[in-house]
Structures are given as C-alpha cells and as structure tokens.
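Asks: Structure incoming, see below.
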Amino acid sequence: MSNVDVVLGAFYGDEGKGKIIDYLSTNADVSIRCTGGNNAGHTIEVDGVKYAFHLIPSGILNENTLAVIGNGVVIDPRVLIEEIDNLKAHGFSVSNLRISDKAHIIMPYHIAMDKLLEENRGNDKIGTTARGIGPTYCDKYERSGIRVQDFVNPERFKNCVIRNVENKNKIFALYGKEQLDAEKIFEEYSKYATILKPYVVDTVVLLHNCIKDNKKLLCEGAQATLLDIDFGSYPFVTSSNPSMGGICAGSGISPKNIGEIYGVIKAYSSRVGTGPFLTEQLNETGDKIRELGHEYGTTTKRPRRCGWLDLVAIKYSVMVNGITAIAINHMDTIGKFDKIKLCVAYNHKGKVTTDFSTNPDYLNNCEAVYEEFDGNFGDLSNCKTKEDLPINAKNYLKRIEEVLEVPVKFIGTGAGRENLILC
Ligand code: GDP
Ligand code: IMO
Ligand code: MG
C-alpha cells in the first residue's frame, strides 16, 4: 500500500512547491521536509497574507497535520526559532512540529565558511544563499557535524563546539578572517537547544509508525532536481539530493511506500544563482516574465533569471525522479504574453535531439528549438476546471503533456490558495 506522496521541484527551484504542498497537506496526516535547509523559501498565500517557509514544512498551516523536519535536513536553530515565533504570532500552533534527532545543525562557522568559499571562487561564484548549507553538509560527510541529538546534550554539544571552532579558526586565520569564540557560541546556541529540545524525536521510527497506522504522508521537496548535487548542473548546485533519492535518504521512508511523485514546474522557467540556463531570456521578455511573475527570491530577494519553459530539462527530471504527475503554476503569468515559446528539443551541432546533459561540452553547443503558441489567456481567476480554461491555455498544456508523457494534475492560476485547478 502506498501511503506516501512526494512533491518535487522539477527545474531550478521556486516552482511553487509550497502552494501545491499547502493544498495536498489538507488531506495529509504528516508533512515532511527531507533535504536542504533555510536555502529554501516556500511561499503560501492565504487570504492575501504571504507566509514564507524556510525550514518548517508548509503543511504546518494545517493544524491536523504533523510537520516533520527529517534527518536529511540541515537546521539553523536561529532561523527555526524565528519561524516558530512568527507562526505563533500569526495564531498558528506549532505543537505538531517534530524535529529529527539525526538532522545536522548549521553553526556560525558554517555560514562564515560559505561566504569565505564563495569569496575564494573569484569569478566562478556559485551564488549560494550564504546560509551555510554546503559547509554543513561537508561536515556531515566528513563526520564532524553536530546532529540535533548532540545539540540537545550539553556535554556532547560543548565538546563538539570547542573542537570544531578550534579547527575552523585555523582556516579562518589562514585567510585573515575573524576568529570565532567557542564559549560565546556554546552559550548562545545552548539557549536555542533548550527551546527546540521538546520537538526532538526519532522521526524515522515516528514516520514508520505513521505508515503502519495507515496515515497519509506527504514529503515536501526543497530546491529541485537540476540543483541536485549528482543530477544537477554541478558545481552550480546545492549540496544535497533534492531529487527522489534524497526523499528516502532524508526521511528513512522506504521506496516501496512511495505513491504519487508530483513534479512542480512553472509555465516558464526561472533560476537563481550562477550556472547554465539554455532558455534564459536576457532581454525584454525575461524582464517582463520577472515583473509579471514577481520573480524575486523568497529567501535572498535576488532577482531571478527568467526564460521560456525548457521541456528537455524537465523531461530529464521526470526520468530521474519517476514523476507521475505534473503541477504547473503561473499559467496566469504566461497567459499575459501575446506569443509564448516552448522549448521542445535542442539543436546540438545541427542535430535536433531531446537528450539532456548539463555537461558544458554538450550544453554549450546546444540551442533551444522552440514551438510558438498563442497567449492572451485573459482572466483565469474564474476557471475552476481545466474545461473552463481558454483554448490557447488548453493547447499549451496539451503540448506539455504530450512532450513529457505525464499528465498535468494541478494548474496554478494565481498566487492564492484558491487559484488552483485540480484535473
Ligand atoms: P517554492 O520555493 O517552489 O515553494 O516557490 P517560491 O515560493 O519560492 O516561488 C513561487 C512564487 O510564485 C511565490 O511567490 C508564489 O506565491 C507564486 N505562485 C505560485 N503559484 C502561482 C501561480 O499559479 N500564479 C502566480 N501568479 N503566482 C504563483
Ligand atoms: P526552493 O526550495 C532556488 C540555489 C542557490 C545557488 C545554489 C547553491 O525555494 O526552491 P546553496 O545556498 O544551496 O548552497 O546555493 O542553489 N538554491 C535555490 N534556488 N530555490 C531554492 O530553494 C534554492 N536553494 C538553493 O541560489 O544557486
Ligand atoms: Mg523558493
């Protein structure tokens, strides 16, 4: 029996995963974040009020849904406490929050190291969110990381902090950077540990008990497949596996329990940070998409790079993740164009192909092959079913389904919770 559905970003992030999760979690008993950290920014608009989630699963807005931060997540305790306080200030209960004892803690030296590493890259910067994500995962794999279970044990935590700060300070000294004070950090972070301790459990056991009890689980992907450390445009990626494999590794849920895998896309493309983006429009079209779609980062406020939808890249995501259904947002935004371009293939040195690879030897020699569609969808806010959509919108969606060979199950027609068509 499949009790676990998954929502994943299918391009370079910010596809509107939060909105899809918000809807799906109304029927879920448990909502789980499995990878990444507060590099993520998931927006949900309820009655005109915007909520931005960075660490807590967006499902927390539904008071009947247990919100779990899984073992694969890296947690900045300061940010998590801010998020908890913010939710409480808006009248939401966080008593349904659970934090994995195996998740790793982002420490101040990770954030300093993220900035230092970017500085050292000179002209080849990744454009990270500077939240300490990469260095925290580095320590996890190097086995000097601080897990939540160490964090809430004062003796173990103190030992870890002293040892790690001493080691990192040697590196900071080499680069002439400020030295960190282990005692001060321990004192400050111990207070955070006391606040967060009540939420800490073994989430692996918890989730398996939920599955045994026939509960409905929903995994909230962060980032996206093309930012995946293995499958993305390395090195311009994040430091985790935001694709399907990361969901299982970051939660302890077995692949045999997985049901629907929703791939979220926008009706156009966007990317933040450096790296390849074949359909990017460095012109008035890109600027128009950015302004119409309000494409500015939820986490860093950076203007997002914008372009036409690239189905060759998305099809690769469908393949890697085994995506069973597509959720497409911003149909209202793309519908404001007279003519819409859709990339259905690449031209690689004169040969038309649908092969995808982020290897620069390949991608730098590819040009997008576009089909053109009529836009001017008009006001979609009264469209409650796919049938209600204007013919131009239907034609665009039909071609996307044809190329991806996956059905579209959700259509976003606006930022609000209510602007979602179920197919
Ligand atoms: P996430 O990181 O994948 O959850 O996406 P973000 O929240 O970073 O970015 C998506 C942005 O698009 C947010 O500002 C959403 O409120 C907005 N959004 C989502 N779906 C739609 C839609 O269908 N139409 C419009 N106009 N905005 C949308
Ligand atoms: P959500 O979940 C868009 C990008 C950063 C940078 C690269 C590495 O909101 O879709 P990192 O700080 O992770 O080391 O940065 O990854 N990035 C995202 N881009 N949406 C995200 O999350 C992202 N999380 C990381 O911009 O290019
Ligand atoms: Mg986002």
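Chain identifiers are assigned as A, B, and so on, following the order in which chains appear in the structure tokens; residues are numbered from 1 within each chain, and ligands are numbered from 1 in order of appearance.
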Using only C-alpha atoms and all ligand atoms, which residues of the polymer chains come no farther than 9 Å from ligand 3? I'd like the answer as a PyMOL selection string.

Replies: chain A and resi 13-18+39-43+52-54+222-223+297-299

Asks: Generate the output file for the selected residues, all heavy atoms, as a short mmCIF file (atom, residue, chain, number, x, y, z; two decimals), in the first residue's frame.

Replies:
data_model
loop_
_atom_site.label_atom_id
_atom_site.label_comp_id
_atom_site.auth_asym_id
_atom_site.auth_seq_id
_atom_site.Cartn_x
_atom_site.Cartn_y
_atom_site.Cartn_z
N GLY A 13 14.27 25.19 -8.92
CA GLY A 13 13.71 25.70 -7.67
C GLY A 13 12.67 26.78 -7.90
O GLY A 13 12.50 27.29 -9.02
N ASP A 14 11.94 27.11 -6.82
CA ASP A 14 10.94 28.19 -6.83
C ASP A 14 9.81 27.96 -7.83
O ASP A 14 9.26 28.91 -8.40
CB ASP A 14 11.62 29.55 -7.12
CG ASP A 14 12.73 29.84 -6.13
OD1 ASP A 14 12.56 29.48 -4.95
OD2 ASP A 14 13.75 30.42 -6.53
N GLU A 15 9.44 26.72 -8.02
CA GLU A 15 8.38 26.40 -8.98
C GLU A 15 6.99 26.60 -8.39
O GLU A 15 5.98 26.49 -9.10
CB GLU A 15 8.52 24.94 -9.46
CG GLU A 15 9.83 24.59 -10.16
CD GLU A 15 10.93 24.13 -9.20
OE1 GLU A 15 10.75 24.27 -7.97
OE2 GLU A 15 11.97 23.66 -9.67
N GLY A 16 6.95 26.86 -7.08
CA GLY A 16 5.65 26.99 -6.41
C GLY A 16 5.29 25.72 -5.65
O GLY A 16 4.11 25.37 -5.50
N LYS A 17 6.33 25.04 -5.14
CA LYS A 17 6.10 23.78 -4.40
C LYS A 17 5.24 24.03 -3.17
O LYS A 17 4.36 23.23 -2.84
CB LYS A 17 7.45 23.17 -3.97
CG LYS A 17 8.33 22.78 -5.14
CD LYS A 17 9.70 22.30 -4.68
CE LYS A 17 10.62 23.34 -4.12
NZ LYS A 17 11.10 24.35 -5.09
N GLY A 18 5.51 25.17 -2.49
CA GLY A 18 4.79 25.48 -1.25
C GLY A 18 3.29 25.48 -1.45
O GLY A 18 2.54 24.93 -0.64
N ASN A 39 18.02 27.48 2.86
CA ASN A 39 18.22 27.99 1.50
C ASN A 39 16.88 27.98 0.76
O ASN A 39 16.67 28.70 -0.20
CB ASN A 39 19.27 27.17 0.73
CG ASN A 39 19.10 25.67 0.87
OD1 ASN A 39 18.32 25.19 1.67
ND2 ASN A 39 19.87 24.91 0.09
N ALA A 40 15.95 27.13 1.22
CA ALA A 40 14.63 27.04 0.61
C ALA A 40 13.76 28.22 1.06
O ALA A 40 13.93 28.75 2.16
CB ALA A 40 13.95 25.74 1.03
N GLY A 41 12.85 28.61 0.17
CA GLY A 41 11.85 29.61 0.53
C GLY A 41 10.56 29.22 -0.16
O GLY A 41 10.48 29.28 -1.38
N HIS A 42 9.60 28.74 0.61
CA HIS A 42 8.34 28.27 0.03
C HIS A 42 7.22 29.22 0.45
O HIS A 42 6.96 29.39 1.64
CB HIS A 42 8.04 26.84 0.49
CG HIS A 42 9.10 25.87 0.10
ND1 HIS A 42 9.15 24.57 0.54
CD2 HIS A 42 10.17 26.00 -0.72
CE1 HIS A 42 10.20 23.96 0.02
NE2 HIS A 42 10.84 24.81 -0.74
N THR A 43 6.58 29.82 -0.55
CA THR A 43 5.58 30.85 -0.25
C THR A 43 4.17 30.27 -0.34
O THR A 43 3.86 29.54 -1.27
CB THR A 43 5.66 31.99 -1.28
OG1 THR A 43 7.03 32.22 -1.58
CG2 THR A 43 4.98 33.24 -0.79
N ALA A 52 6.19 32.75 4.32
CA ALA A 52 7.38 32.19 3.68
C ALA A 52 7.99 31.15 4.62
O ALA A 52 8.33 31.47 5.76
CB ALA A 52 8.39 33.30 3.41
N PHE A 53 8.07 29.93 4.14
CA PHE A 53 8.64 28.85 4.95
C PHE A 53 10.04 28.54 4.47
O PHE A 53 10.29 28.42 3.28
CB PHE A 53 7.78 27.59 4.83
CG PHE A 53 6.46 27.72 5.49
CD1 PHE A 53 5.35 28.18 4.77
CD2 PHE A 53 6.30 27.45 6.83
CE1 PHE A 53 4.13 28.34 5.39
CE2 PHE A 53 5.09 27.61 7.45
CZ PHE A 53 4.00 28.06 6.74
N HIS A 54 10.95 28.40 5.43
CA HIS A 54 12.33 28.08 5.07
C HIS A 54 12.73 26.70 5.58
O HIS A 54 13.45 25.97 4.94
CB HIS A 54 13.27 29.15 5.61
CG HIS A 54 12.95 30.51 5.06
ND1 HIS A 54 13.21 30.85 3.76
CD2 HIS A 54 12.33 31.58 5.60
CE1 HIS A 54 12.80 32.09 3.53
NE2 HIS A 54 12.25 32.55 4.64
N ALA A 222 12.48 20.28 -1.34
CA ALA A 222 13.01 21.65 -1.40
C ALA A 222 14.00 21.68 -2.55
O ALA A 222 14.37 20.64 -3.10
CB ALA A 222 13.72 21.98 -0.09
N GLN A 223 14.41 22.87 -2.96
CA GLN A 223 15.27 23.03 -4.13
C GLN A 223 14.66 22.26 -5.32
O GLN A 223 13.45 22.19 -5.41
CB GLN A 223 16.71 22.56 -3.84
CG GLN A 223 17.49 23.49 -2.95
CD GLN A 223 17.13 23.40 -1.48
OE1 GLN A 223 17.15 22.33 -0.90
NE2 GLN A 223 16.80 24.50 -0.87
N GLY A 297 13.69 36.47 -5.21
CA GLY A 297 13.86 35.36 -4.28
C GLY A 297 13.09 35.50 -2.97
O GLY A 297 13.08 36.58 -2.37
N THR A 298 12.49 34.41 -2.52
CA THR A 298 11.79 34.38 -1.24
C THR A 298 12.80 34.42 -0.10
O THR A 298 12.54 34.97 0.96
CB THR A 298 10.98 33.06 -1.14
OG1 THR A 298 10.23 32.91 -2.34
CG2 THR A 298 10.04 33.05 0.04
N THR A 299 13.99 33.82 -0.32
CA THR A 299 15.00 33.74 0.73
C THR A 299 15.98 34.90 0.67
O THR A 299 16.24 35.55 1.67
CB THR A 299 15.76 32.39 0.61
OG1 THR A 299 14.80 31.35 0.76
CG2 THR A 299 16.84 32.24 1.67
#

Asks: Could you give me, as an NGL selection string, the residues within 12 Å of range 81-96 of chain A, counting only C-alpha atoms and dropping anything in the same chain fewer than 3 positions from it?

Replies: :A and (29-32 or 38 or 41 or 46 or 49-69 or 75-78 or 99 or 189 or 191-200)

Asks: Could you name the residues that touch Asp47 in chain A at 10 Å or less, counting only C-alpha atoms, but leaving out those on the same chain fewer than 4 positions away, as a PyMOL selection string?

Replies: chain A and resi 416-418

Asks: The selected residues should be written to file as a PDB file, in the first residue's frame (atoms: N, CA and C atoms).

Replies:
ATOM      1  N   GLY A 416      -2.711  32.822  -4.868  1.00  0.00           N
ATOM      2  CA  GLY A 416      -3.564  32.466  -3.726  1.00  0.00           C
ATOM      3  C   GLY A 416      -3.877  30.981  -3.651  1.00  0.00           C
ATOM      4  N   ARG A 417      -4.193  30.549  -2.452  1.00  0.00           N
ATOM      5  CA  ARG A 417      -4.548  29.161  -2.179  1.00  0.00           C
ATOM      6  C   ARG A 417      -5.687  28.671  -3.086  1.00  0.00           C
ATOM      7  N   GLU A 418      -6.600  29.613  -3.386  1.00  0.00           N
ATOM      8  CA  GLU A 418      -7.791  29.245  -4.153  1.00  0.00           C
ATOM      9  C   GLU A 418      -7.521  29.194  -5.657  1.00  0.00           C
TER      10      GLU A 418
END

Asks: Can you pull out every residue from range 69-238 of chain A that DSSP, working from the backbone, puts in alpha helix (DSSP H), and format the result as a PyMOL selection string?

Replies: chain A and resi 77-89+108-120+133-142+148-151+154-174+182-196+203-212

Asks: Counting only C-alpha atoms, what are the residues of range 95-186 of chain A within 9 Å of range 251-273 of chain A, and for each of them which pair of atoms is the nearest and at what distance in Å, to one decimal? Sort the table by chain and rising number, as a Markdown table.

Replies:
| residue | atom | partner | partner_atom | distance |
| --- | --- | --- | --- | --- |
| A:Ser100 | CA | A:Ser251 | CA | 8.8 |
| A:Lys125 | CA | A:Gly273 | CA | 8.6 |
| A:Ile126 | CA | A:Gly273 | CA | 6.3 |
| A:Gly127 | CA | A:Gly273 | CA | 4.4 |
| A:Thr128 | CA | A:Gly273 | CA | 6.6 |
| A:Thr129 | CA | A:Gly273 | CA | 8.3 |

Asks: When distances are computed from only C-alpha atoms and all ligand atoms, which of A:Glu220, A:Asp355, A:Asp230, A:Asp213 shows the smallest separation from ligand 2?

Replies: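 Using only C-alpha atoms and all ligand atoms, ligand 2 sits closest to A:Glu220.
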
Asks: Have a look at A:Arg156, A:Arg302, A:Lys349, A:Lys409 and name the one nearest to ligand 2; count only C-alpha atoms and all ligand atoms.

Replies: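 That would be A:Arg302, the residue with the smallest distance to ligand 2.
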
Asks: Have a look at A:Arg290, A:Lys115, A:Arg143, A:Lys216 and name the one nearest to ligand 1; count only C-alpha atoms and all ligand atoms.

Replies: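 Answer, going by the shortest atom-to-atom distance: A:Arg290.
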
Asks: Assign secondary structure with DSSP using the backbone only, and return the residues of range 294-392 of chain A in strand (DSSP E or B) as a PyMOL selection string.

Replies: chain A and resi 296+303+305-307+309-310+325-329+339-348+351-353+366-374

Asks: My list of candidates is A:Thr136, A:Asn120, A:Asn392, A:Ser190. Which is closest to ligand 2 when distances are computed with only C-alpha atoms and all ligand atoms?

Replies: A:Thr136

Asks: Ranking A:Val7, A:Ile421, A:Met331, A:Met244 by minimum distance to Asp379 in chain A and counting only C-alpha atoms, which one comes first?

Replies: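 Closest candidate: A:Met331.
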
Asks: One decimal, in Å: what's the spacing between CA of Tyr296 in chain A and CA of Ile400 in chain A?

Replies: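 Spanning CA of Tyr296 in chain A to CA of Ile400 in chain A is a straight-line distance of 25.4 Å.
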
Asks: Please indicate the distance in Å from atom 25 (C, counted along the ligand's line) of ligand 1 to CA of Asn419 in chain A, rounded to one decimal place.

Replies: 8.2 Å

Asks: Provide the CA of Lys384 in chain A to atom 27 (N, counted along the ligand's line) of ligand 1 distance in Å, to one decimal place.

Replies: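 Atom 27 (N, counted along the ligand's line) of ligand 1 lies at a distance of 16.3 Å from CA of Lys384 in chain A.
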
Asks: Name the closest residue to ligand 1 among the candidates A:Leu342, A:Ala415, A:Cys138, A:Ala173; distances are taken between atoms, counting only C-alpha atoms and all ligand atoms.

Replies: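 Checking each candidate against ligand 1, we get A:Ala415 as the closest.
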